[in-house]
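Peer 1: See model01.txt below, with compact mmCIF, C-alpha atoms.
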```txt
# COMPACT_ATOMS: atom_id res chain seq x y z
CA MET A 22 4.02 -13.96 -14.11
CA GLY A 23 3.05 -11.96 -11.05
CA LEU A 24 3.16 -8.22 -10.56
CA ARG A 25 6.67 -7.13 -9.59
CA ILE A 26 8.23 -4.00 -8.14
CA ASN A 27 8.56 -1.28 -10.80
CA ASP A 28 5.84 -2.86 -12.96
CA ILE A 29 3.07 -0.45 -14.01
CA VAL A 30 -0.05 -1.56 -12.17
CA PRO A 31 -3.06 -2.65 -14.25
CA ASN A 32 -5.33 0.21 -15.28
CA LEU A 33 -8.57 -1.57 -14.53
CA THR A 34 -12.04 -0.06 -14.44
CA LEU A 35 -13.04 -0.34 -10.79
CA THR A 36 -16.53 -0.60 -9.34
CA THR A 37 -16.58 0.84 -5.81
CA ASP A 38 -19.00 2.12 -3.20
CA GLN A 39 -18.09 5.61 -4.46
CA GLY A 40 -18.75 4.95 -8.15
CA GLU A 41 -16.88 3.56 -11.12
CA PHE A 42 -13.53 4.85 -12.41
CA ALA A 43 -10.27 3.80 -14.06
CA PHE A 44 -7.56 3.03 -11.53
CA HIS A 45 -4.88 5.23 -13.12
CA ASP A 46 -7.30 8.17 -13.34
CA TRP A 47 -8.11 7.79 -9.65
CA ILE A 48 -4.41 7.71 -8.70
CA GLY A 49 -3.71 10.86 -10.71
CA ASP A 50 -0.48 12.50 -9.55
CA SER A 51 -0.65 11.02 -6.05
CA TRP A 52 0.90 8.10 -4.26
CA ALA A 53 -1.63 5.35 -3.69
CA ILE A 54 -2.19 2.35 -1.45
CA LEU A 55 -4.42 -0.57 -2.40
CA PHE A 56 -5.17 -2.81 0.57
CA SER A 57 -7.21 -5.92 -0.04
CA HIS A 58 -9.42 -8.16 2.05
CA PRO A 59 -11.03 -11.58 1.53
CA LYS A 60 -14.54 -10.70 2.73
CA ASP A 61 -16.71 -8.03 4.33
CA PHE A 62 -17.94 -8.35 7.93
CA THR A 63 -14.89 -10.29 9.10
CA PRO A 64 -13.19 -9.43 12.41
CA VAL A 65 -9.53 -8.86 11.53
CA CYS A 66 -10.40 -6.92 8.38
CA THR A 67 -12.77 -4.67 10.32
CA THR A 68 -9.94 -3.69 12.68
CA GLU A 69 -7.65 -3.05 9.70
CA PHE A 70 -10.11 -0.85 7.84
CA GLY A 71 -10.63 0.99 11.13
CA ALA A 72 -6.88 1.56 11.47
CA VAL A 73 -6.73 2.99 7.93
CA SER A 74 -9.67 5.28 8.73
CA GLN A 75 -7.95 6.59 11.85
CA LEU A 76 -4.86 7.49 9.81
CA ALA A 77 -6.76 9.72 7.35
CA ASP A 78 -4.80 12.85 8.33
CA GLU A 79 -1.47 11.02 7.94
CA TRP A 80 -2.32 9.79 4.43
CA GLU A 81 -3.39 13.28 3.41
CA LYS A 82 -0.24 14.84 4.85
CA ARG A 83 1.85 12.56 2.60
CA GLY A 84 -0.26 13.00 -0.51
CA VAL A 85 -1.38 9.36 -0.42
CA LYS A 86 -4.74 8.09 -1.63
CA VAL A 87 -5.99 4.83 -0.10
CA ILE A 88 -8.44 2.38 -1.60
CA GLY A 89 -9.71 -0.87 -0.13
CA LEU A 90 -10.79 -4.04 -1.88
CA SER A 91 -13.04 -6.90 -0.88
CA VAL A 92 -14.63 -9.67 -2.91
CA ASP A 93 -18.17 -8.69 -1.87
CA GLY A 94 -20.49 -6.18 -3.56
CA VAL A 95 -21.14 -2.47 -3.25
CA GLU A 96 -24.15 -2.77 -0.94
CA GLU A 97 -22.24 -5.06 1.42
CA HIS A 98 -19.40 -2.52 1.44
CA LYS A 99 -21.76 0.29 2.43
CA GLY A 100 -23.17 -1.75 5.29
CA TRP A 101 -19.73 -2.84 6.44
CA LYS A 102 -18.47 0.74 6.50
CA ALA A 103 -21.04 1.52 9.18
CA ASP A 104 -19.53 -1.23 11.36
CA ILE A 105 -15.98 0.00 10.61
CA GLU A 106 -16.87 3.54 11.65
CA THR A 107 -18.64 2.36 14.82
CA PHE A 108 -15.65 0.24 15.81
CA SER A 109 -12.92 2.76 14.98
CA GLY A 110 -14.63 6.03 15.81
CA ALA A 111 -13.39 7.41 12.47
CA LYS A 112 -15.07 8.02 9.11
CA ALA A 113 -14.12 5.54 6.38
CA THR A 114 -13.89 8.09 3.57
CA PHE A 115 -11.87 5.94 1.13
CA PRO A 116 -13.53 3.86 -1.61
CA ILE A 117 -13.79 0.07 -1.43
CA ILE A 118 -13.54 -1.92 -4.66
CA ALA A 119 -16.28 -4.51 -5.22
CA ASP A 120 -14.24 -7.37 -6.70
CA GLU A 121 -17.02 -9.95 -6.90
CA ASP A 122 -15.65 -11.57 -10.06
CA LEU A 123 -12.04 -11.53 -8.73
CA THR A 124 -10.79 -9.50 -11.72
CA VAL A 125 -8.67 -7.17 -9.59
CA SER A 126 -7.46 -9.91 -7.24
CA LYS A 127 -6.24 -11.97 -10.19
CA ALA A 128 -4.71 -9.00 -12.03
CA PHE A 129 -2.67 -8.21 -8.91
CA ASP A 130 -1.69 -11.88 -8.57
CA MET A 131 -3.46 -12.44 -5.28
CA LEU A 132 -5.28 -15.54 -6.54
CA PRO A 133 -4.64 -18.21 -9.17
CA ALA A 134 -6.03 -17.38 -12.61
CA ASP A 135 -8.53 -20.25 -12.38
CA ALA A 136 -9.78 -19.24 -8.92
CA TYR A 137 -13.51 -18.79 -8.38
CA LEU A 138 -15.78 -18.19 -5.41
CA PRO A 139 -18.20 -21.05 -4.73
CA ASP A 140 -21.75 -20.57 -3.49
CA GLY A 141 -21.80 -20.12 0.27
CA ARG A 142 -18.20 -18.94 0.15
CA THR A 143 -16.34 -17.90 3.25
CA ALA A 144 -13.24 -15.75 3.75
CA ALA A 145 -11.16 -18.94 3.55
CA ASP A 146 -12.02 -19.24 -0.15
CA SER A 147 -10.19 -15.97 -0.86
CA ALA A 148 -7.73 -16.01 2.02
CA SER A 149 -4.78 -14.87 -0.05
CA VAL A 150 -6.54 -11.59 -0.84
CA ARG A 151 -4.81 -9.89 2.12
CA SER A 152 -2.20 -7.72 0.47
CA VAL A 153 -0.91 -4.15 0.55
CA PHE A 154 0.35 -2.46 -2.61
CA ILE A 155 2.09 0.93 -2.49
CA ILE A 156 2.08 2.68 -5.87
CA SER A 157 4.03 5.79 -6.91
CA PRO A 158 2.60 8.66 -9.01
CA ASP A 159 4.10 7.12 -12.16
CA LYS A 160 1.69 4.20 -11.57
CA LYS A 161 4.49 1.77 -10.73
CA LEU A 162 4.38 -0.76 -7.90
CA GLN A 163 6.94 0.25 -5.29
CA LEU A 164 6.20 -2.22 -2.47
CA SER A 165 3.91 -5.14 -1.74
CA MET A 166 3.30 -7.29 1.32
CA THR A 167 0.89 -10.14 1.96
CA TYR A 168 -0.37 -11.38 5.32
CA PRO A 169 -2.16 -14.54 6.45
CA MET A 170 -5.67 -14.25 7.83
CA SER A 171 -4.48 -14.81 11.40
CA VAL A 172 -2.17 -11.76 11.58
CA GLY A 173 -3.58 -8.24 11.48
CA ARG A 174 -1.58 -5.79 9.41
CA ASN A 175 0.52 -3.10 11.08
CA PHE A 176 -0.46 0.13 9.36
CA ALA A 177 2.14 2.06 11.31
CA GLU A 178 4.63 -0.01 9.32
CA VAL A 179 2.80 0.78 6.08
CA LEU A 180 3.05 4.47 6.98
CA ARG A 181 6.77 4.06 7.74
CA ALA A 182 7.26 2.31 4.40
CA VAL A 183 5.55 5.20 2.59
CA ASP A 184 7.90 7.63 4.35
CA GLY A 185 10.90 5.59 3.26
CA LEU A 186 9.69 5.29 -0.32
CA GLN A 187 9.00 9.01 -0.60
CA LYS A 188 12.35 9.89 0.98
CA THR A 189 14.31 7.75 -1.51
CA PHE A 190 12.10 8.05 -4.62
CA GLY A 191 14.28 9.13 -7.55
CA ALA A 192 17.24 9.80 -5.24
CA PRO A 193 20.48 7.82 -4.71
CA LEU A 194 19.44 6.98 -1.16
CA ALA A 195 18.15 4.04 0.88
CA THR A 196 16.87 3.66 4.42
CA PRO A 197 18.48 1.38 7.02
CA ALA A 198 16.70 -1.21 9.14
CA ASN A 199 14.01 0.21 11.42
CA TRP A 200 14.42 3.69 9.91
CA THR A 201 11.86 6.36 10.78
CA GLU A 202 11.43 9.90 9.47
CA GLY A 203 14.15 12.23 10.74
CA GLN A 204 16.85 9.59 11.05
CA ASP A 205 19.94 9.36 8.85
CA VAL A 206 19.67 7.63 5.47
CA ILE A 207 22.16 5.58 3.46
CA ILE A 208 23.96 6.94 0.41
CA ALA A 209 23.71 4.60 -2.58
CA LEU A 210 26.81 2.83 -3.84
CA SER A 211 26.20 4.34 -7.28
CA LEU A 212 27.94 7.48 -5.95
CA ASN A 213 31.63 7.51 -5.09
CA ASP A 214 32.80 9.50 -2.07
CA ASP A 215 33.46 12.68 -4.03
CA GLN A 216 30.06 12.53 -5.70
CA ALA A 217 28.38 11.80 -2.38
CA LYS A 218 30.04 14.82 -0.74
CA GLU A 219 29.13 17.06 -3.66
CA LYS A 220 25.47 15.99 -3.52
CA PHE A 221 24.88 15.61 0.21
CA GLY A 222 27.72 17.46 1.94
CA ASP A 223 29.32 15.82 4.95
CA PHE A 224 28.54 12.17 5.52
CA GLU A 225 29.65 9.45 7.92
CA ALA A 226 31.41 6.37 6.55
CA LYS A 227 30.55 3.65 9.07
CA LEU A 228 32.05 1.10 6.66
CA PRO A 229 33.56 1.70 3.21
CA TYR A 230 30.25 0.64 1.68
CA LEU A 231 27.94 2.04 4.41
CA ARG A 232 27.79 5.83 4.34
CA THR A 233 25.05 7.78 6.09
CA THR A 234 23.80 11.32 5.75
CA LYS A 235 21.09 13.54 7.23
CA ALA A 236 19.60 14.29 3.78
```
Could I get this file's structure written as structure tokens?
Peer 2:
Amino acid sequence: MGLRINDIVPNLTLTTDQGEFAFHDWIGDSWAILFSHPKDFTPVCTTEFGAVSQLADEWEKRGVKVIGLSVDGVEEHKGWKADIETFSGAKATFPIIADEDLTVSKAFDMLPADAYLPDGRTAADSASVRSVFIISPDKKLQLSMTYPMSVGRNFAEVLRAVDGLQKTFGAPLATPANWTEGQDVIIALSLNDDQAKEKFGDFEAKLPYLRTTKA
């Protein structure tokens, strides 16, 4: 069975270009994003790693640690980072997991359990390793999304999703479609009107079941 929302993510020992550590220890008390890639030195992935590098201040502002993954080795990662930094004009300060044996990719259900990488492999052999996992400080998966190789990921959307998750984490709230920070949020149906008013003050009932607040 695959990894599902609210599952505790596997506490694997990770080998990265910044050393070896246990995943849960690295997360600590922070939010975390694991974003995975099928191979180093590939064009779409280079633009994506560059986008993550350029958002370093935004991740830090939100208390989010980011970690990349690719199925190549540590030395390839170090060489690829030079290309990423040249392309993006930003330092790639986050670690990249060297998942040469596919342990992490399989544990996060990105590849079938019997998957392997043949000699002379290309990115197509690990194409499904193009996922984003957002993890809360309690080490639980809060959101995942997977893209095909032909569509570059929108990290502005990942950032928006983090904002929404942090806004509603542990609170009886949800965000509406296309929500961005500063806009009204939705009061959960677990609260009746009296409870909602007590907790959030005035709210707007657009429909009996759709109540919004500025909380």
Peer 1: Please, which residues in region 72-127 of chain A fall within 7 Å of region 25-43 of chain A when counting only C-alpha atoms, and what is the closest atom pair and distance in Å to one decimal for each, ordered by chain then residue number, as a Markdown table?
Peer 2:
```
| residue | atom | partner | partner_atom | distance |
| --- | --- | --- | --- | --- |
| A:Val95 | CA | A:Asp38 | CA | 5.1 |
| A:His98 | CA | A:Asp38 | CA | 6.6 |
| A:Lys99 | CA | A:Asp38 | CA | 6.5 |
| A:Pro116 | CA | A:Gln39 | CA | 5.7 |
| A:Ile117 | CA | A:Thr37 | CA | 5.2 |
| A:Ile118 | CA | A:Thr37 | CA | 4.3 |
| A:Ala119 | CA | A:Thr37 | CA | 5.4 |
```
Peer 1: Could you name the residues that touch region 67-73 of chain A at 6 Å or less, counting only C-alpha atoms, but leaving out those on the same chain fewer than 2 positions away, as a list in words?
Peer 2: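 Neighbouring residues, sequence-local ones excluded: Pro64, Val65, Gln75, Leu76, Ile105 and Ser109 of chain A.
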Peer 1: What does the distance between CA of Thr234 (chain A) and CA of Asn199 (chain A) come to in Å, to one decimal place?
Peer 2: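 Taking CA of Thr234 (chain A) and CA of Asn199 (chain A), their separation equals 15.9 Å.
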Peer 1: Using all atoms listed in the file, which residues sit within 12 Å of Lys82 (chain A) once same-chain residues fewer than 3 positions away are excluded, as a PyMOL selection string?
Peer 2: chain A and resi 51-52+76-79+85-86+180+183-184
Peer 1: Please, could you write that set of residues out with C-alpha atoms as an mmCIF file, in the frame of the given file?
Peer 2:
```
data_model
loop_
_atom_site.group_PDB
_atom_site.id
_atom_site.type_symbol
_atom_site.label_atom_id
_atom_site.label_comp_id
_atom_site.auth_asym_id
_atom_site.auth_seq_id
_atom_site.Cartn_x
_atom_site.Cartn_y
_atom_site.Cartn_z
ATOM 1 C CA SER A 51 -0.650 11.020 -6.050
ATOM 2 C CA TRP A 52 0.900 8.100 -4.260
ATOM 3 C CA LEU A 76 -4.860 7.490 9.810
ATOM 4 C CA ALA A 77 -6.760 9.720 7.350
ATOM 5 C CA ASP A 78 -4.800 12.850 8.330
ATOM 6 C CA GLU A 79 -1.470 11.020 7.940
ATOM 7 C CA VAL A 85 -1.380 9.360 -0.420
ATOM 8 C CA LYS A 86 -4.740 8.090 -1.630
ATOM 9 C CA LEU A 180 3.050 4.470 6.980
ATOM 10 C CA VAL A 183 5.550 5.200 2.590
ATOM 11 C CA ASP A 184 7.900 7.630 4.350
#
```
Peer 1: Residues at most 8 Å from Gly49 (chain A), counting all atoms listed in the file, excluding those fewer than 3 positions away in the same chain, as a PDB file with C-alpha atoms, in the frame of the given file?
Peer 2:
```pdb
ATOM      1  CA  HIS A  45      -4.880   5.230 -13.120  1.00  0.00           C
ATOM      2  CA  ASP A  46      -7.300   8.170 -13.340  1.00  0.00           C
ATOM      3  CA  PRO A 158       2.600   8.660  -9.010  1.00  0.00           C
TER       4      PRO A 158
END
```
Peer 1: What's the 9 Å shell around region 210-215 of chain A, counting only C-alpha atoms, without same-chain residues fewer than 5 positions away, as a ChimeraX atom specification?
Peer 2: /A:193-194,220,230-232
Peer 1: I'd like to know which of A:Asp104, A:Gln216, A:Glu96, A:Trp80 is closest to Ala177 (chain A), using only C-alpha atoms.
Peer 2: A:Trp80
Peer 1: So which one's closest to Ser74 (chain A), A:Leu55, A:Val206, A:Ala111, A:Ile88? Using only C-alpha atoms, please.
Peer 2: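 The closest residue to Ser74 (chain A) is A:Ala111.
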Peer 1: Neighbouring residues of Ala192 (chain A) were defined as those with any atom within 10 Å, considering only C-alpha atoms; residues of the same chain fewer than 4 positions away were excluded. Please report them as a list in words.
Peer 2: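 Listing them by chain and then by number gives Gln187, Lys188, Ile208 and Ala209 of chain A.
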Peer 1: For Gly84 (chain A), which residue among A:Ile156, A:Asp120, A:Glu106, A:Gly100 is the nearest when counting only C-alpha atoms?
Peer 2: A:Ile156
Peer 1: Take CA of Asp223 (chain A) and CA of Ala198 (chain A) and report the distance between them in Å, one decimal.
Peer 2: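 Distance between the two atoms: 21.6 Å.
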Peer 1: When you count only C-alpha atoms, which of these residues is closest to Gly89 (chain A): A:Val153, A:Pro169, A:Asp130, A:Asp50?
Peer 2: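 Under the stated criterion, the closest residue is A:Val153.
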Peer 1: Would you work out the distance separating CA of Phe56 (chain A) from CA of Thr107 (chain A), expressed in Å to one decimal?
Peer 2: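 Computed distance, CA of Phe56 (chain A) to CA of Thr107 (chain A), equals 20.3 Å.
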Peer 1: Measuring between all atoms listed in the file, which one of A:Val150, A:Val87, A:Val125, A:Ile207 shows the shortest distance to Phe176 (chain A)?
Peer 2: A:Val87
Peer 1: Counting all atoms listed in the file, I want the residues whose atoms come within 9 Å of (-3.8, -10.0, -2.5) in the file frame, returned as number ranges by chain.
Peer 2: A: 56-59, 126-127, 129-132, 147-154, 166-168
